[in-house]
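Undergrad: Okay, so here is coords_23.cif, and as you'll see once you scroll down, it has mmCIF, C-alpha atoms.
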data_work
loop_
_atom_site.label_atom_id
_atom_site.label_comp_id
_atom_site.auth_asym_id
_atom_site.auth_seq_id
_atom_site.Cartn_x
_atom_site.Cartn_y
_atom_site.Cartn_z
CA MET Q 266 -8.41 -5.09 48.59
CA GLN Q 267 -9.76 -6.73 45.45
CA MET Q 268 -7.24 -8.45 43.23
CA SER Q 269 -7.24 -7.49 39.57
CA GLU Q 270 -7.68 -10.00 36.79
CA PRO Q 271 -4.38 -11.34 35.38
CA SER Q 272 -3.32 -9.81 32.08
CA PRO Q 273 -3.96 -12.06 29.06
CA ILE Q 274 -0.80 -13.41 27.43
CA VAL Q 275 -0.48 -13.20 23.65
CA LEU Q 276 2.17 -14.93 21.53
CA VAL Q 277 2.95 -12.86 18.41
CA VAL Q 278 4.54 -14.90 15.60
CA ASP Q 279 6.01 -12.89 12.72
CA ASP Q 280 9.48 -12.79 11.18
CA GLU Q 281 9.40 -9.02 10.58
CA ILE Q 282 10.56 -7.13 13.64
CA GLN Q 283 8.69 -3.92 12.75
CA ILE Q 284 5.38 -5.77 12.67
CA ARG Q 285 6.14 -7.44 16.00
CA ARG Q 286 6.94 -4.01 17.47
CA PHE Q 287 3.69 -2.58 16.09
CA LEU Q 288 1.69 -5.44 17.60
CA ARG Q 289 3.58 -5.37 20.92
CA THR Q 290 2.86 -1.66 21.34
CA GLY Q 291 -0.84 -2.08 20.51
CA PHE Q 292 -1.32 -5.08 22.79
CA GLU Q 293 0.64 -3.69 25.73
CA LEU Q 294 -1.32 -0.41 25.59
CA ASN Q 295 -4.44 -2.54 25.99
CA GLY Q 296 -3.24 -4.53 28.99
CA PHE Q 297 -1.77 -7.65 27.34
CA VAL Q 298 1.50 -9.38 28.14
CA VAL Q 299 3.34 -10.06 24.86
CA HIS Q 300 5.75 -12.85 23.92
CA GLU Q 301 7.36 -12.87 20.48
CA ALA Q 302 8.57 -15.51 18.03
CA GLY Q 303 10.26 -14.95 14.68
CA THR Q 304 9.98 -18.50 13.34
CA GLY Q 305 7.47 -21.33 13.37
CA ALA Q 306 9.74 -23.58 15.40
CA GLU Q 307 10.27 -20.86 18.01
CA ALA Q 308 6.50 -20.30 18.18
CA ILE Q 309 5.71 -23.98 18.73
CA ARG Q 310 8.41 -24.25 21.39
CA SER Q 311 7.15 -21.12 23.16
CA ALA Q 312 3.55 -22.34 23.12
CA THR Q 313 4.54 -25.63 24.72
CA LEU Q 314 6.78 -24.18 27.45
CA ARG Q 315 4.62 -21.36 28.85
CA PRO Q 316 0.95 -20.54 29.39
CA ILE Q 317 -0.52 -18.66 26.42
CA ASP Q 318 -4.03 -17.17 26.14
CA LEU Q 319 -3.88 -16.28 22.44
CA VAL Q 320 -1.68 -16.80 19.38
CA ILE Q 321 -1.32 -14.30 16.53
CA VAL Q 322 0.53 -15.95 13.64
CA ASP Q 323 1.66 -14.67 10.25
CA LEU Q 324 1.56 -17.12 7.35
CA GLY Q 325 4.86 -16.09 5.76
CA LEU Q 326 7.46 -17.49 8.16
CA PRO Q 327 11.04 -18.33 7.11
CA ASP Q 328 11.13 -21.96 8.27
CA MET Q 329 7.55 -23.16 7.70
CA ASP Q 330 4.17 -21.90 6.57
CA GLY Q 331 2.11 -20.36 9.34
CA SER Q 332 -0.66 -22.86 8.58
CA GLU Q 333 1.65 -25.60 9.88
CA VAL Q 334 2.04 -23.67 13.12
CA VAL Q 335 -1.75 -23.49 13.40
CA GLU Q 336 -2.10 -27.22 12.78
CA ARG Q 337 0.68 -28.19 15.20
CA ILE Q 338 -0.59 -26.03 18.07
CA ARG Q 339 -4.20 -27.02 17.48
CA SER Q 340 -3.28 -30.72 17.71
CA TRP Q 341 -2.82 -30.35 21.47
CA SER Q 342 -4.24 -26.95 22.49
CA SER Q 343 -7.58 -25.13 22.22
CA VAL Q 344 -5.94 -21.71 22.61
CA PRO Q 345 -7.50 -19.11 20.25
CA ILE Q 346 -5.42 -18.62 17.09
CA ILE Q 347 -5.76 -15.64 14.76
CA VAL Q 348 -3.92 -15.67 11.43
CA LEU Q 349 -2.42 -12.60 9.76
CA SER Q 350 -1.82 -12.67 6.02
CA VAL Q 351 -1.69 -10.67 2.82
CA ARG Q 352 -3.29 -13.70 1.20
CA SER Q 353 -7.05 -13.33 1.07
CA THR Q 354 -8.34 -16.04 -1.26
CA GLU Q 355 -11.48 -17.83 -0.16
CA ALA Q 356 -9.82 -21.22 -0.49
CA GLN Q 357 -6.95 -20.13 1.79
CA LYS Q 358 -9.36 -18.81 4.43
CA VAL Q 359 -11.39 -22.01 4.40
CA HIS Q 360 -8.22 -24.10 4.66
CA LEU Q 361 -6.99 -22.15 7.69
CA LEU Q 362 -10.32 -22.39 9.48
CA GLU Q 363 -10.52 -26.12 8.82
CA LEU Q 364 -7.00 -26.52 10.26
CA GLY Q 365 -8.22 -24.92 13.48
CA ALA Q 366 -7.65 -21.15 13.21
CA ASP Q 367 -10.35 -19.18 14.99
CA ASP Q 368 -10.16 -16.15 12.72
CA TYR Q 369 -8.03 -14.36 10.14
CA VAL Q 370 -7.15 -10.74 9.51
CA VAL Q 371 -5.93 -9.61 6.10
CA LYS Q 372 -3.00 -7.16 5.92
CA PRO Q 373 -2.91 -4.22 6.09
CA PHE Q 374 -5.23 -3.99 9.10
CA GLY Q 375 -6.01 -1.53 11.88
CA MET Q 376 -4.98 -2.38 15.43
CA ALA Q 377 -8.54 -1.66 16.59
CA GLU Q 378 -9.87 -4.27 14.17
CA LEU Q 379 -7.40 -6.88 15.39
CA LEU Q 380 -8.18 -6.10 19.05
CA ALA Q 381 -11.89 -6.48 18.36
CA ARG Q 382 -11.30 -9.93 16.81
CA VAL Q 383 -9.04 -10.85 19.74
CA ARG Q 384 -11.68 -9.93 22.31
CA VAL Q 385 -14.29 -12.01 20.48
CA SER Q 386 -12.00 -15.05 20.46
CA LEU Q 387 -11.10 -14.63 24.15
CA ARG Q 388 -14.77 -14.25 25.15
CA ARG Q 389 -15.63 -17.40 23.26
CA GLN Q 390 -12.79 -19.29 24.97
CA MET Q 391 -13.89 -18.05 28.42
CA ARG Q 392 -17.50 -18.98 27.72
CA ALA Q 393 -16.47 -22.47 26.65
CA ALA Q 394 -14.22 -22.92 29.69
CA SER Q 395 -16.87 -21.73 32.15
CA GLY Q 396 -19.75 -23.54 30.50
CA GLU Q 397 -21.61 -20.24 30.09
CA PRO Q 398 -24.73 -21.26 28.14
CA THR Q 399 -26.12 -17.86 27.08
CA VAL Q 400 -25.08 -15.98 23.95
CA LYS Q 401 -26.39 -12.45 23.34
CA VAL Q 402 -26.18 -10.76 19.95
CA GLY Q 403 -27.91 -7.39 19.99
CA PRO Q 404 -31.64 -8.07 20.51
CA LEU Q 405 -31.12 -11.84 20.15
CA THR Q 406 -30.55 -14.12 23.18
CA ILE Q 407 -29.71 -17.80 22.75
CA ASP Q 408 -29.83 -19.99 25.86
CA LEU Q 409 -27.99 -23.14 24.85
CA ALA Q 410 -28.80 -24.88 28.13
CA VAL Q 411 -32.58 -24.81 27.70
CA ARG Q 412 -32.56 -24.48 23.88
CA SER Q 413 -34.53 -21.22 23.89
CA VAL Q 414 -34.15 -18.29 21.48
CA MET Q 415 -35.51 -14.83 22.33
CA LEU Q 416 -35.73 -11.76 20.10
CA ASN Q 417 -36.53 -8.53 21.94
CA ASP Q 418 -37.65 -10.68 24.92
CA LYS Q 419 -40.14 -12.61 22.77
CA ARG Q 420 -39.57 -16.34 22.38
CA LEU Q 421 -39.04 -17.55 18.81
CA THR Q 422 -40.23 -20.86 17.40
CA LEU Q 423 -37.54 -22.55 15.31
CA THR Q 424 -37.56 -25.88 13.49
CA PRO Q 425 -34.99 -28.45 14.72
CA LYS Q 426 -32.70 -27.76 11.75
CA GLU Q 427 -32.98 -23.98 12.19
CA TYR Q 428 -32.13 -24.29 15.87
CA ARG Q 429 -29.19 -26.61 15.23
CA LEU Q 430 -27.79 -24.18 12.64
CA LEU Q 431 -28.12 -21.28 15.09
CA GLN Q 432 -26.66 -23.40 17.90
CA VAL Q 433 -23.48 -24.18 15.94
CA LEU Q 434 -23.08 -20.51 15.03
CA ALA Q 435 -23.67 -19.48 18.66
CA GLN Q 436 -21.01 -21.91 19.87
CA HIS Q 437 -18.56 -20.00 17.64
CA ALA Q 438 -20.14 -16.57 18.15
CA GLY Q 439 -18.03 -13.79 16.67
CA ASN Q 440 -15.93 -16.18 14.59
CA VAL Q 441 -16.54 -17.35 11.05
CA VAL Q 442 -17.82 -20.92 10.59
CA THR Q 443 -17.20 -22.52 7.18
CA HIS Q 444 -19.94 -23.84 4.92
CA GLN Q 445 -18.48 -27.33 5.21
CA HIS Q 446 -18.46 -27.31 9.01
CA LEU Q 447 -22.05 -26.08 9.22
CA LEU Q 448 -23.24 -28.65 6.69
CA LYS Q 449 -21.43 -31.46 8.51
CA GLU Q 450 -22.79 -30.45 11.93
CA VAL Q 451 -26.38 -29.84 10.81
CA TRP Q 452 -26.93 -32.31 7.94
CA GLY Q 453 -24.09 -34.83 8.31
CA SER Q 454 -20.87 -35.62 6.46
CA ILE Q 455 -22.58 -36.82 3.27
CA HIS Q 456 -23.98 -33.32 2.71
CA VAL Q 457 -20.80 -31.23 3.10
CA HIS Q 458 -21.05 -30.02 -0.51
CA ASP Q 459 -24.81 -29.31 -0.53
CA THR Q 460 -24.44 -25.57 0.02
CA HIS Q 461 -27.95 -24.92 -1.33
CA TYR Q 462 -29.32 -26.48 1.89
CA LEU Q 463 -27.41 -23.88 3.84
CA ARG Q 464 -28.54 -20.91 1.75
CA ILE Q 465 -32.19 -21.91 2.12
CA PHE Q 466 -32.01 -22.35 5.90
CA VAL Q 467 -29.93 -19.21 6.46
CA ARG Q 468 -32.59 -17.26 4.58
CA LYS Q 469 -35.35 -18.83 6.70
CA LEU Q 470 -33.42 -18.22 9.92
CA ARG Q 471 -32.80 -14.58 9.05
CA GLN Q 472 -36.53 -14.07 8.55
CA LYS Q 473 -36.96 -15.03 12.21
CA ILE Q 474 -33.95 -13.56 14.00
CA GLU Q 475 -33.10 -10.43 12.03
CA PRO Q 476 -35.03 -7.19 12.67
CA HIS Q 477 -34.34 -6.39 9.00
CA PRO Q 478 -33.70 -9.69 7.13
CA ASP Q 479 -32.71 -7.96 3.87
CA SER Q 480 -29.89 -6.15 5.71
CA PRO Q 481 -28.65 -8.80 8.13
CA LYS Q 482 -26.63 -7.57 11.12
CA ILE Q 483 -26.79 -10.70 13.30
CA LEU Q 484 -26.13 -13.60 10.92
CA VAL Q 485 -23.43 -12.22 8.65
CA THR Q 486 -22.18 -13.73 5.38
CA GLU Q 487 -18.45 -14.27 4.86
CA LEU Q 488 -18.43 -14.48 1.07
CA GLY Q 489 -17.20 -17.79 -0.26
CA VAL Q 490 -16.19 -18.98 3.22
CA GLY Q 491 -19.16 -19.33 5.56
CA TYR Q 492 -21.18 -17.39 8.13
CA ARG Q 493 -20.49 -15.47 11.33
CA LEU Q 494 -22.83 -14.76 14.21
CA ALA Q 495 -21.87 -11.17 14.93
CA GLN Q 496 -21.12 -9.93 18.43
CA SER Q 497 -21.14 -6.39 19.76
CA GLY Q 498 -17.62 -5.09 20.00
CA ALA Q 499 -16.47 -7.17 17.05
CA GLU Q 500 -17.03 -4.41 14.51
CA ALA Q 501 -13.89 -2.98 12.99
CA GLU Q 502 -12.97 0.48 14.19
CA ASN Q 503 -10.56 3.01 12.80
CA GLY Q 504 -7.06 2.77 14.12
CA ALA Q 505 -3.39 2.55 13.24
CA GLU Q 506 -2.62 0.12 10.48
CA ALA Q 507 -0.05 -2.62 10.51
CA PRO Q 508 2.45 -2.37 7.67
CA ALA Q 509 1.81 -4.63 4.73
CA LYS Q 510 4.25 -7.45 4.11
CA SER Q 511 5.09 -9.15 0.89
CA GLU Q 512 4.86 -12.94 0.74
CA SER Q 513 6.17 -15.25 -1.88
#
Will you turn the file into structure tokens for me?

TA:
Amino acid sequence: MQMSEPSPIVLVVDDEIQIRRFLRTGFELNGFVVHEAGTGAEAIRSATLRPIDLVIVDLGLPDMDGSEVVERIRSWSSVPIIVLSVRSTEAQKVHLLELGADDYVVKPFGMAELLARVRVSLRRQMRAASGEPTVKVGPLTIDLAVRSVMLNDKRLTLTPKEYRLLQVLAQHAGNVVTHQHLLKEVWGSIHVHDTHYLRIFVRKLRQKIEPHPDSPKILVTELGVGYRLAQSGAEAENGAEAPAKSES
């Protein structure tokens, strides 16, 4: 008799009990084990005392900002972290990603959208843990082990900078990567503000990897924040929406 895979464990951090109930119901219906925390301190304690596969954290906690929870957990763990917030400014998103969040979802959101983001983050974590070198995005296949890129089974020729840009995006496939991180990884720390470099190379890369470069579906822009290498299954679907929450 074949043993089934263990259920992934998610830690839901939110001070509003109705939102925790909404998330618990959605996650448990999709095979997750759910632990809850109502404060930042409780979340950090829970994450240190038990195995966790994923953290969902709201920014508006009563004892500390959720960004501090992200930073504290990320200082010792690589567990995927997704932030929930009614705040949606570009500066806030960039700050969270630089602190170590893997993704963010703006309230109100559909449960299907959150689950899609969760699956992307878990796949990325599993790929990193197993050393899986191949990333597939629709007709595009990136083999990180042999540094080859195929579009519809035809090998593409990329410049070193184009490949490095695609490589960094592939290593975070499905999650947004900030302009600053891409610039640092591809051009070095002295160029972290030279966003025109990035725009030029993204345009060139899209000409090679996108079936329709003027309507990109593979290398997606996150306005004011960065870029995301899309993954099938990561598209938002219709579903129940989490209640909005006011934050000071």

Undergrad: List the spatial neighbours of Val322 (chain Q) as number ranges by chain - criterion: any atom at most 12 Å away, only C-alpha atoms, same-chain residues fewer than 6 positions off excluded.

TA: Q: 275-281, 284-285, 288, 300-305, 307-309, 312, 329-336, 338, 345-350, 361, 366-371

Undergrad: Find the spatial neighbours of region 424-433 of chain Q, counting only C-alpha atoms, within a cut-off of 9 Å - ignore same-chain residues fewer than 5 positions away - and output them as an MDAnalysis selection string.

TA: chainID Q and resid 407 409 412:414 438 442 447:448 450:452 463 466:467 469:470 484 494

Undergrad: Measure the distance from CA of Ser353 (chain Q) to CA of Ala435 (chain Q) in Å and round it to one decimal.

TA: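 That distance, rounded to one decimal, is 25.0 Å.
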
Undergrad: Using all atoms listed in the file, which residue out of Q:Arg389, Q:Glu293, Q:Ile474, Q:His446 lies closest to Met415 (chain Q)?

TA: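 Of Q:Arg389, Q:Glu293, Q:Ile474, Q:His446, the one nearest Met415 (chain Q) is Q:Ile474, counting all atoms listed in the file.
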
Undergrad: Would you mind telling me which residue in Q:Leu319, Q:Pro398, Q:Arg468, Q:Met376 lies nearest to Thr290 (chain Q) when using only C-alpha atoms?

TA: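 Distance minimum relative to Thr290 (chain Q) lands on Q:Met376.
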
Undergrad: The PyMOL selection byres ((chain Q and resi 382) around 9) - which residues does that actually catch in the file I just gave you? List them as a PyMOL selection string.

TA: chain Q and resi 347+368-370+377-381+383-387+439-440+498-501

Undergrad: Using all atoms listed in the file, find the one residue out of Q:Ala306, Q:Val351, Q:Ala495, Q:Leu314 that sits nearest to Leu405 (chain Q).

TA: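 With all atoms listed in the file as the atom set, the closest residue is Q:Ala495.
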
Undergrad: With only C-alpha atoms as the atoms that count, which of Q:His444, Q:His437, Q:His458, Q:Arg493 lies nearest to Pro481 (chain Q)?

TA: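 The shortest atom-to-atom distance to Pro481 (chain Q) comes from Q:Arg493.
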
Undergrad: Enter the distance from CA of Pro316 (chain Q) to CA of Ser272 (chain Q), in Å, rounded to one decimal.

TA: 11.9 Å

Undergrad: Could you tell me how far CA of Asp318 (chain Q) sits from CA of Pro273 (chain Q), in Å to one decimal place?

TA: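 One can read the CA of Pro273 (chain Q) to CA of Asp318 (chain Q) distance as 5.9 Å.
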
Undergrad: Rank Q:His456, Q:Arg310, Q:Arg289, Q:Lys482 by their smallest atom-to-atom distance to Gly403 (chain Q), using only C-alpha atoms, and report the top residue only.

TA: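 Nearest to Gly403 (chain Q): Q:Lys482.
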
Undergrad: Neighbours of Pro271 (chain Q) within 10 Å (only C-alpha atoms; same-chain residues fewer than 4 positions away dropped), as a list in words?

TA: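 Here the answer would be Gly296, Phe297 and Val298 of chain Q.
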
Undergrad: Can you tell me, as JSON, numbers by chain, what residues are no more than 10 Å from Val359 (chain Q) when counting all atoms listed in the file, ignoring any on the same chain fewer than 3 positions away?

TA: {"Q": [354, 355, 356, 362, 363, 364, 366, 441, 442, 443, 444, 445, 446, 489, 490, 491]}
